[in-house]
$ cat input-v4.cif   # mmCIF, C-alpha atoms, pLDDT in the B column; chains and numbers go by the auth columns
data_my_file
#
loop_
_atom_site.group_PDB
_atom_site.id
_atom_site.type_symbol
_atom_site.label_atom_id
_atom_site.label_comp_id
_atom_site.label_asym_id
_atom_site.label_seq_id
_atom_site.Cartn_x
_atom_site.Cartn_y
_atom_site.Cartn_z
_atom_site.B_iso_or_equiv
_atom_site.auth_seq_id
_atom_site.auth_asym_id
ATOM 1 C CA MET A 1 18.379 65.321 -71.134 51.00 1 A
ATOM 2 C CA LYS A 2 15.312 64.231 -73.086 59.00 2 A
ATOM 3 C CA ASN A 3 16.694 62.039 -75.855 58.00 3 A
ATOM 4 C CA VAL A 4 14.388 59.037 -75.367 57.00 4 A
ATOM 5 C CA ASP A 5 10.768 58.438 -74.548 59.00 5 A
ATOM 6 C CA SER A 6 11.626 57.691 -70.930 58.00 6 A
ATOM 7 C CA CYS A 7 8.035 56.911 -69.943 63.00 7 A
ATOM 8 C CA SER A 8 7.305 54.272 -72.559 67.00 8 A
ATOM 9 C CA PRO A 9 8.028 50.821 -71.074 65.00 9 A
ATOM 10 C CA GLY A 10 9.511 49.583 -74.354 73.00 10 A
ATOM 11 C CA ASN A 11 11.900 52.528 -74.610 78.00 11 A
ATOM 12 C CA ALA A 12 12.721 53.536 -71.031 85.00 12 A
ATOM 13 C CA PRO A 13 16.342 52.530 -70.298 86.00 13 A
ATOM 14 C CA GLY A 14 15.705 52.055 -66.579 85.00 14 A
ATOM 15 C CA LEU A 15 12.732 49.773 -67.162 89.00 15 A
ATOM 16 C CA LEU A 16 14.540 47.849 -69.891 91.00 16 A
ATOM 17 C CA THR A 17 17.631 47.240 -67.758 92.00 17 A
ATOM 18 C CA ASN A 18 15.415 46.135 -64.874 92.00 18 A
ATOM 19 C CA HIS A 19 13.542 43.751 -67.162 93.00 19 A
ATOM 20 C CA ALA A 20 16.807 42.383 -68.601 95.00 20 A
ATOM 21 C CA ALA A 21 18.160 41.860 -65.080 94.00 21 A
ATOM 22 C CA ARG A 22 15.039 39.978 -63.967 95.00 22 A
ATOM 23 C CA VAL A 23 15.150 37.684 -67.015 96.00 23 A
ATOM 24 C CA PHE A 24 18.890 37.088 -66.535 96.00 24 A
ATOM 25 C CA ASN A 25 18.389 36.400 -62.806 95.00 25 A
ATOM 26 C CA ARG A 26 15.642 33.848 -63.498 96.00 26 A
ATOM 27 C CA ARG A 27 17.858 32.066 -66.027 95.00 27 A
ATOM 28 C CA MET A 28 20.837 32.000 -63.657 95.00 28 A
ATOM 29 C CA ASP A 29 18.747 30.963 -60.646 95.00 29 A
ATOM 30 C CA ALA A 30 17.406 27.982 -62.603 96.00 30 A
ATOM 31 C CA MET A 31 20.971 26.943 -63.490 95.00 31 A
ATOM 32 C CA LEU A 32 22.238 27.427 -59.918 95.00 32 A
ATOM 33 C CA ARG A 33 19.292 25.824 -58.094 95.00 33 A
ATOM 34 C CA PRO A 34 20.822 22.301 -58.185 95.00 34 A
ATOM 35 C CA LEU A 35 23.882 23.719 -56.378 94.00 35 A
ATOM 36 C CA GLY A 36 21.708 25.114 -53.588 93.00 36 A
ATOM 37 C CA ILE A 37 22.469 28.756 -54.384 94.00 37 A
ATOM 38 C CA SER A 38 20.982 31.636 -56.338 93.00 38 A
ATOM 39 C CA LEU A 39 22.550 34.449 -58.306 92.00 39 A
ATOM 40 C CA ALA A 40 22.299 36.650 -55.197 90.00 40 A
ATOM 41 C CA HIS A 41 24.604 34.172 -53.446 93.00 41 A
ATOM 42 C CA LEU A 42 27.031 33.740 -56.318 94.00 42 A
ATOM 43 C CA SER A 43 28.431 37.287 -56.186 92.00 43 A
ATOM 44 C CA PRO A 44 29.731 37.054 -52.593 94.00 44 A
ATOM 45 C CA LEU A 45 31.086 33.567 -53.272 96.00 45 A
ATOM 46 C CA MET A 46 32.936 34.757 -56.377 96.00 46 A
ATOM 47 C CA LEU A 47 34.375 37.786 -54.561 95.00 47 A
ATOM 48 C CA LEU A 48 35.636 35.574 -51.736 97.00 48 A
ATOM 49 C CA HIS A 49 37.024 33.086 -54.259 97.00 49 A
ATOM 50 C CA ARG A 50 38.918 35.860 -56.041 96.00 50 A
ATOM 51 C CA ASP A 51 40.123 37.882 -53.035 96.00 51 A
ATOM 52 C CA GLY A 52 40.245 35.315 -50.236 96.00 52 A
ATOM 53 C CA PRO A 53 38.975 35.678 -46.669 96.00 53 A
ATOM 54 C CA MET A 54 37.896 39.208 -45.780 94.00 54 A
ATOM 55 C CA LEU A 55 36.160 41.283 -43.190 92.00 55 A
ATOM 56 C CA GLN A 56 32.400 41.305 -43.521 89.00 56 A
ATOM 57 C CA ARG A 57 32.422 45.099 -43.983 88.00 57 A
ATOM 58 C CA ASP A 58 34.889 44.716 -46.901 91.00 58 A
ATOM 59 C CA LEU A 59 32.615 42.120 -48.482 91.00 59 A
ATOM 60 C CA VAL A 60 29.707 44.577 -48.213 88.00 60 A
ATOM 61 C CA ARG A 61 31.805 47.336 -49.828 88.00 61 A
ATOM 62 C CA GLY A 62 33.117 45.015 -52.547 88.00 62 A
ATOM 63 C CA LEU A 63 29.639 43.938 -53.568 86.00 63 A
ATOM 64 C CA GLY A 64 28.114 47.401 -53.602 80.00 64 A
ATOM 65 C CA ILE A 65 24.923 46.030 -52.070 78.00 65 A
ATOM 66 C CA GLY A 66 23.251 47.276 -48.907 78.00 66 A
ATOM 67 C CA GLN A 67 24.388 45.769 -45.621 78.00 67 A
ATOM 68 C CA PRO A 68 21.051 44.024 -44.854 82.00 68 A
ATOM 69 C CA GLY A 69 21.074 42.193 -48.181 82.00 69 A
ATOM 70 C CA VAL A 70 24.665 41.026 -47.741 85.00 70 A
ATOM 71 C CA VAL A 71 24.054 39.930 -44.138 87.00 71 A
ATOM 72 C CA HIS A 72 21.055 37.894 -45.290 89.00 72 A
ATOM 73 C CA ALA A 73 23.104 36.274 -48.073 90.00 73 A
ATOM 74 C CA ILE A 74 25.986 35.546 -45.679 92.00 74 A
ATOM 75 C CA THR A 75 23.606 33.908 -43.209 93.00 75 A
ATOM 76 C CA ARG A 76 22.093 31.716 -45.925 94.00 76 A
ATOM 77 C CA LEU A 77 25.544 30.805 -47.279 96.00 77 A
ATOM 78 C CA GLU A 78 26.796 29.901 -43.826 96.00 78 A
ATOM 79 C CA GLU A 79 23.696 27.780 -43.150 96.00 79 A
ATOM 80 C CA GLY A 80 24.338 25.999 -46.456 96.00 80 A
ATOM 81 C CA GLY A 81 27.980 25.320 -45.588 97.00 81 A
ATOM 82 C CA PHE A 82 29.399 27.526 -48.377 97.00 82 A
ATOM 83 C CA ILE A 83 31.188 29.989 -46.086 97.00 83 A
ATOM 84 C CA SER A 84 32.367 30.204 -42.504 96.00 84 A
ATOM 85 C CA ARG A 85 32.565 33.172 -40.153 93.00 85 A
ATOM 86 C CA ARG A 86 35.031 33.804 -37.366 92.00 86 A
ATOM 87 C CA PRO A 87 36.009 36.769 -35.225 90.00 87 A
ATOM 88 C CA ALA A 88 38.906 38.840 -36.561 88.00 88 A
ATOM 89 C CA GLU A 89 42.084 38.422 -34.515 87.00 89 A
ATOM 90 C CA LYS A 90 42.824 42.144 -34.146 83.00 90 A
ATOM 91 C CA ASP A 91 39.227 43.266 -33.554 82.00 91 A
ATOM 92 C CA ARG A 92 36.953 40.659 -31.986 78.00 92 A
ATOM 93 C CA ARG A 93 33.915 42.785 -32.945 83.00 93 A
ATOM 94 C CA ALA A 94 34.743 42.347 -36.638 87.00 94 A
ATOM 95 C CA THR A 95 33.981 39.150 -38.543 90.00 95 A
ATOM 96 C CA ILE A 96 36.125 37.375 -41.127 94.00 96 A
ATOM 97 C CA ILE A 97 34.228 35.584 -43.895 95.00 97 A
ATOM 98 C CA GLU A 98 35.866 32.778 -45.863 96.00 98 A
ATOM 99 C CA LEU A 99 34.895 30.113 -48.342 97.00 99 A
ATOM 100 C CA THR A 100 34.612 26.514 -47.312 97.00 100 A
ATOM 101 C CA GLU A 101 35.564 23.706 -49.656 97.00 101 A
ATOM 102 C CA LYS A 102 31.868 23.447 -50.603 97.00 102 A
ATOM 103 C CA GLY A 103 31.879 27.164 -51.452 97.00 103 A
ATOM 104 C CA ARG A 104 34.991 26.822 -53.629 97.00 104 A
ATOM 105 C CA LYS A 105 33.451 23.913 -55.517 97.00 105 A
ATOM 106 C CA ALA A 106 30.188 25.830 -56.013 96.00 106 A
ATOM 107 C CA VAL A 107 32.092 28.738 -57.601 96.00 107 A
ATOM 108 C CA GLU A 108 34.035 26.394 -59.863 96.00 108 A
ATOM 109 C CA VAL A 109 30.839 24.676 -61.040 96.00 109 A
ATOM 110 C CA ALA A 110 28.795 27.913 -61.291 96.00 110 A
ATOM 111 C CA SER A 111 31.345 30.046 -63.162 94.00 111 A
ATOM 112 C CA PRO A 112 30.750 28.299 -66.508 96.00 112 A
ATOM 113 C CA PHE A 113 26.985 28.813 -66.002 95.00 113 A
ATOM 114 C CA LEU A 114 27.594 32.556 -65.702 94.00 114 A
ATOM 115 C CA VAL A 115 29.689 32.540 -68.871 95.00 115 A
ATOM 116 C CA GLU A 116 27.008 30.528 -70.682 95.00 116 A
ATOM 117 C CA ALA A 117 24.187 32.854 -69.566 95.00 117 A
ATOM 118 C CA ASN A 118 26.135 35.943 -70.634 95.00 118 A
ATOM 119 C CA GLU A 119 27.011 34.410 -74.000 96.00 119 A
ATOM 120 C CA HIS A 120 23.366 33.497 -74.520 96.00 120 A
ATOM 121 C CA ALA A 121 22.298 37.048 -73.618 96.00 121 A
ATOM 122 C CA LEU A 122 24.736 38.425 -76.199 97.00 122 A
ATOM 123 C CA THR A 123 23.698 36.095 -79.020 97.00 123 A
ATOM 124 C CA GLY A 124 23.791 38.044 -82.284 97.00 124 A
ATOM 125 C CA PHE A 125 25.902 40.879 -80.838 97.00 125 A
ATOM 126 C CA THR A 126 29.251 41.636 -82.424 97.00 126 A
ATOM 127 C CA ALA A 127 32.292 41.937 -80.156 96.00 127 A
ATOM 128 C CA ASP A 128 32.154 45.729 -80.585 97.00 128 A
ATOM 129 C CA GLU A 129 28.452 45.806 -79.676 97.00 129 A
ATOM 130 C CA SER A 130 29.132 43.701 -76.573 96.00 130 A
ATOM 131 C CA ARG A 131 31.900 46.073 -75.447 96.00 131 A
ATOM 132 C CA THR A 132 29.715 49.099 -76.187 97.00 132 A
ATOM 133 C CA LEU A 133 26.808 47.618 -74.223 96.00 133 A
ATOM 134 C CA THR A 134 29.081 46.957 -71.252 95.00 134 A
ATOM 135 C CA THR A 135 30.471 50.497 -71.374 96.00 135 A
ATOM 136 C CA LEU A 136 26.998 52.015 -71.637 94.00 136 A
ATOM 137 C CA LEU A 137 25.663 49.928 -68.749 93.00 137 A
ATOM 138 C CA GLN A 138 28.640 50.938 -66.589 92.00 138 A
ATOM 139 C CA ARG A 139 27.893 54.599 -67.368 92.00 139 A
ATOM 140 C CA LEU A 140 24.184 54.103 -66.650 90.00 140 A
ATOM 141 C CA ILE A 141 24.992 52.549 -63.272 87.00 141 A
ATOM 142 C CA ALA A 142 27.446 55.333 -62.439 89.00 142 A
ATOM 143 C CA ASN A 143 24.819 57.954 -63.320 89.00 143 A
ATOM 144 C CA LEU A 144 22.239 56.247 -61.143 86.00 144 A
ATOM 145 C CA GLU A 145 24.649 55.945 -58.203 83.00 145 A
ATOM 146 C CA ILE A 146 25.450 59.666 -58.186 85.00 146 A
ATOM 147 C CA GLY A 147 23.603 61.259 -55.326 69.00 147 A
ATOM 148 C CA GLY A 148 22.456 57.955 -53.883 56.00 148 A
#
$ encode --input "input-v4.cif" --output "structure tokens"
Amino acid sequence: MKNVDSCSPGNAPGLLTNHAARVFNRRMDAMLRPLGISLAHLSPLMLLHRDGPMLQRDLVRGLGIGQPGVVHAITRLEEGGFISRRPAEKDRRATIIELTEKGRKAVEVASPFLVEANEHALTGFTADESRTLTTLLQRLIANLEIGG
């Protein structure tokens, strides 16, 4: 479907979403730096905070990120004292990941930063525009995920 100038950097949806993500990530990373985490670390922490301890493979699935990226984040979070790992009781080859008290506190402090960054990003948008943007981005992601 050719309904946009998909090669012009200022009009290409893929390039624009990538640019928006990089700007958002920089903003969030600056806010999270004093906590010793980055935005890449916040997602696994928030998922663990919401769902509780889980198998590492379930954390990978829940984040929708490749295994190497999640393993790297888990290692960094464990080194920083935000999470702990232990063998699963029923399958000693599997690993359970859980938040430490430091991890819980980091999520509690960081969550308002995420709200603030999103509100800033949506400055000047009406509630309907914000919902429409979210719906369109979800569709864009779904389209891009089809076929790997």
$ closest_residue --input "input-v4.cif" --among "A:Leu55, A:Ala121, A:Leu133, A:Leu144" --to "Val23 in chain A" --atoms "only C-alpha atoms"
A:Ala121
$ resolve_selection --input "input-v4.cif" --expression "the PyMOL selection byres ((chain A and resi 25) around 12)" --output "list in words"
Thr17, Asn18, His19, Ala20, Ala21, Arg22, Val23, Phe24, Arg26, Arg27, Met28, Asp29, Ala30, Met31, Leu32, Arg33, Ser38, Leu39, Ala40, His41, Leu42, Phe113, Leu114, Ala117, Asn118 and Ala121 of chain A
$ resolve_selection --input "input-v4.cif" --expression "the PyMOL selection byres ((chain A and resi 99) around 12)" --output "VMD selection string"
chain A and resid 42 44 to 54 74 77 to 78 80 to 86 96 to 98 100 to 107
$ atom_distance --input "input-v4.cif" --atom1 "CA of Val71 in chain A" --atom2 "CA of Ala110 in chain A"
21.5 Å
$ closest_residue --input "input-v4.cif" --among "A:Glu89, A:Glu108, A:Asp128, A:Glu119" --to "Leu35 in chain A" --atoms "all atoms listed in the file"
A:Glu108
$ build_atoms --input "input-v4.cif" --residues "range 69-80 of chain A" --atoms "all heavy atoms" --output "short mmCIF file (atom, residue, chain, number, x, y, z; two decimals), in the frame of the given file"
data_model
loop_
_atom_site.label_atom_id
_atom_site.label_comp_id
_atom_site.auth_asym_id
_atom_site.auth_seq_id
_atom_site.Cartn_x
_atom_site.Cartn_y
_atom_site.Cartn_z
N GLY A 69 21.09 43.23 -47.15
CA GLY A 69 21.07 42.19 -48.18
C GLY A 69 22.27 41.27 -48.10
O GLY A 69 22.15 40.05 -48.26
N VAL A 70 23.45 41.84 -47.84
CA VAL A 70 24.66 41.03 -47.74
C VAL A 70 24.61 40.15 -46.49
O VAL A 70 24.96 38.97 -46.54
CB VAL A 70 25.93 41.91 -47.75
CG1 VAL A 70 27.18 41.06 -47.52
CG2 VAL A 70 26.04 42.67 -49.05
N VAL A 71 24.14 40.71 -45.38
CA VAL A 71 24.05 39.93 -44.14
C VAL A 71 23.11 38.75 -44.33
O VAL A 71 23.41 37.63 -43.90
CB VAL A 71 23.61 40.82 -42.95
CG1 VAL A 71 23.28 39.99 -41.73
CG2 VAL A 71 24.71 41.84 -42.63
N HIS A 72 21.99 38.99 -45.02
CA HIS A 72 21.06 37.89 -45.29
C HIS A 72 21.72 36.81 -46.15
O HIS A 72 21.60 35.61 -45.86
CB HIS A 72 19.80 38.43 -45.98
CG HIS A 72 18.81 37.39 -46.32
ND1 HIS A 72 18.05 36.73 -45.38
CD2 HIS A 72 18.47 36.84 -47.51
CE1 HIS A 72 17.28 35.84 -45.97
NE2 HIS A 72 17.52 35.88 -47.27
N ALA A 73 22.42 37.24 -47.20
CA ALA A 73 23.10 36.27 -48.07
C ALA A 73 24.17 35.50 -47.30
O ALA A 73 24.29 34.28 -47.46
CB ALA A 73 23.72 36.99 -49.28
N ILE A 74 24.94 36.20 -46.47
CA ILE A 74 25.99 35.55 -45.68
C ILE A 74 25.38 34.50 -44.75
O ILE A 74 25.90 33.38 -44.62
CB ILE A 74 26.80 36.59 -44.88
CG1 ILE A 74 27.68 37.42 -45.83
CG2 ILE A 74 27.66 35.92 -43.80
CD1 ILE A 74 28.32 38.62 -45.16
N THR A 75 24.27 34.86 -44.11
CA THR A 75 23.61 33.91 -43.21
C THR A 75 23.17 32.67 -43.97
O THR A 75 23.40 31.54 -43.52
CB THR A 75 22.41 34.59 -42.53
OG1 THR A 75 22.88 35.70 -41.77
CG2 THR A 75 21.68 33.62 -41.61
N ARG A 76 22.55 32.86 -45.12
CA ARG A 76 22.09 31.72 -45.92
C ARG A 76 23.28 30.86 -46.40
O ARG A 76 23.21 29.63 -46.40
CB ARG A 76 21.30 32.20 -47.15
CG ARG A 76 20.00 32.92 -46.85
CD ARG A 76 18.87 31.98 -46.40
NE ARG A 76 18.64 30.86 -47.25
CZ ARG A 76 17.82 30.84 -48.30
NH1 ARG A 76 17.13 31.90 -48.62
NH2 ARG A 76 17.69 29.75 -49.02
N LEU A 77 24.37 31.54 -46.81
CA LEU A 77 25.54 30.80 -47.28
C LEU A 77 26.20 30.03 -46.15
O LEU A 77 26.68 28.91 -46.35
CB LEU A 77 26.54 31.77 -47.94
CG LEU A 77 26.09 32.32 -49.29
CD1 LEU A 77 26.97 33.49 -49.72
CD2 LEU A 77 26.08 31.22 -50.35
N GLU A 78 26.22 30.61 -44.97
CA GLU A 78 26.80 29.90 -43.83
C GLU A 78 25.93 28.70 -43.46
O GLU A 78 26.45 27.60 -43.22
CB GLU A 78 26.93 30.85 -42.64
CG GLU A 78 27.62 30.19 -41.44
CD GLU A 78 27.77 31.11 -40.27
OE1 GLU A 78 26.89 31.96 -40.03
OE2 GLU A 78 28.79 30.98 -39.57
N GLU A 79 24.61 28.89 -43.44
CA GLU A 79 23.70 27.78 -43.15
C GLU A 79 23.85 26.65 -44.16
O GLU A 79 23.71 25.48 -43.82
CB GLU A 79 22.25 28.27 -43.15
CG GLU A 79 21.91 29.15 -41.96
CD GLU A 79 20.56 29.84 -42.09
OE1 GLU A 79 19.91 29.74 -43.16
OE2 GLU A 79 20.16 30.51 -41.11
N GLY A 80 24.16 27.00 -45.41
CA GLY A 80 24.34 26.00 -46.46
C GLY A 80 25.72 25.38 -46.49
O GLY A 80 25.99 24.49 -47.30
#
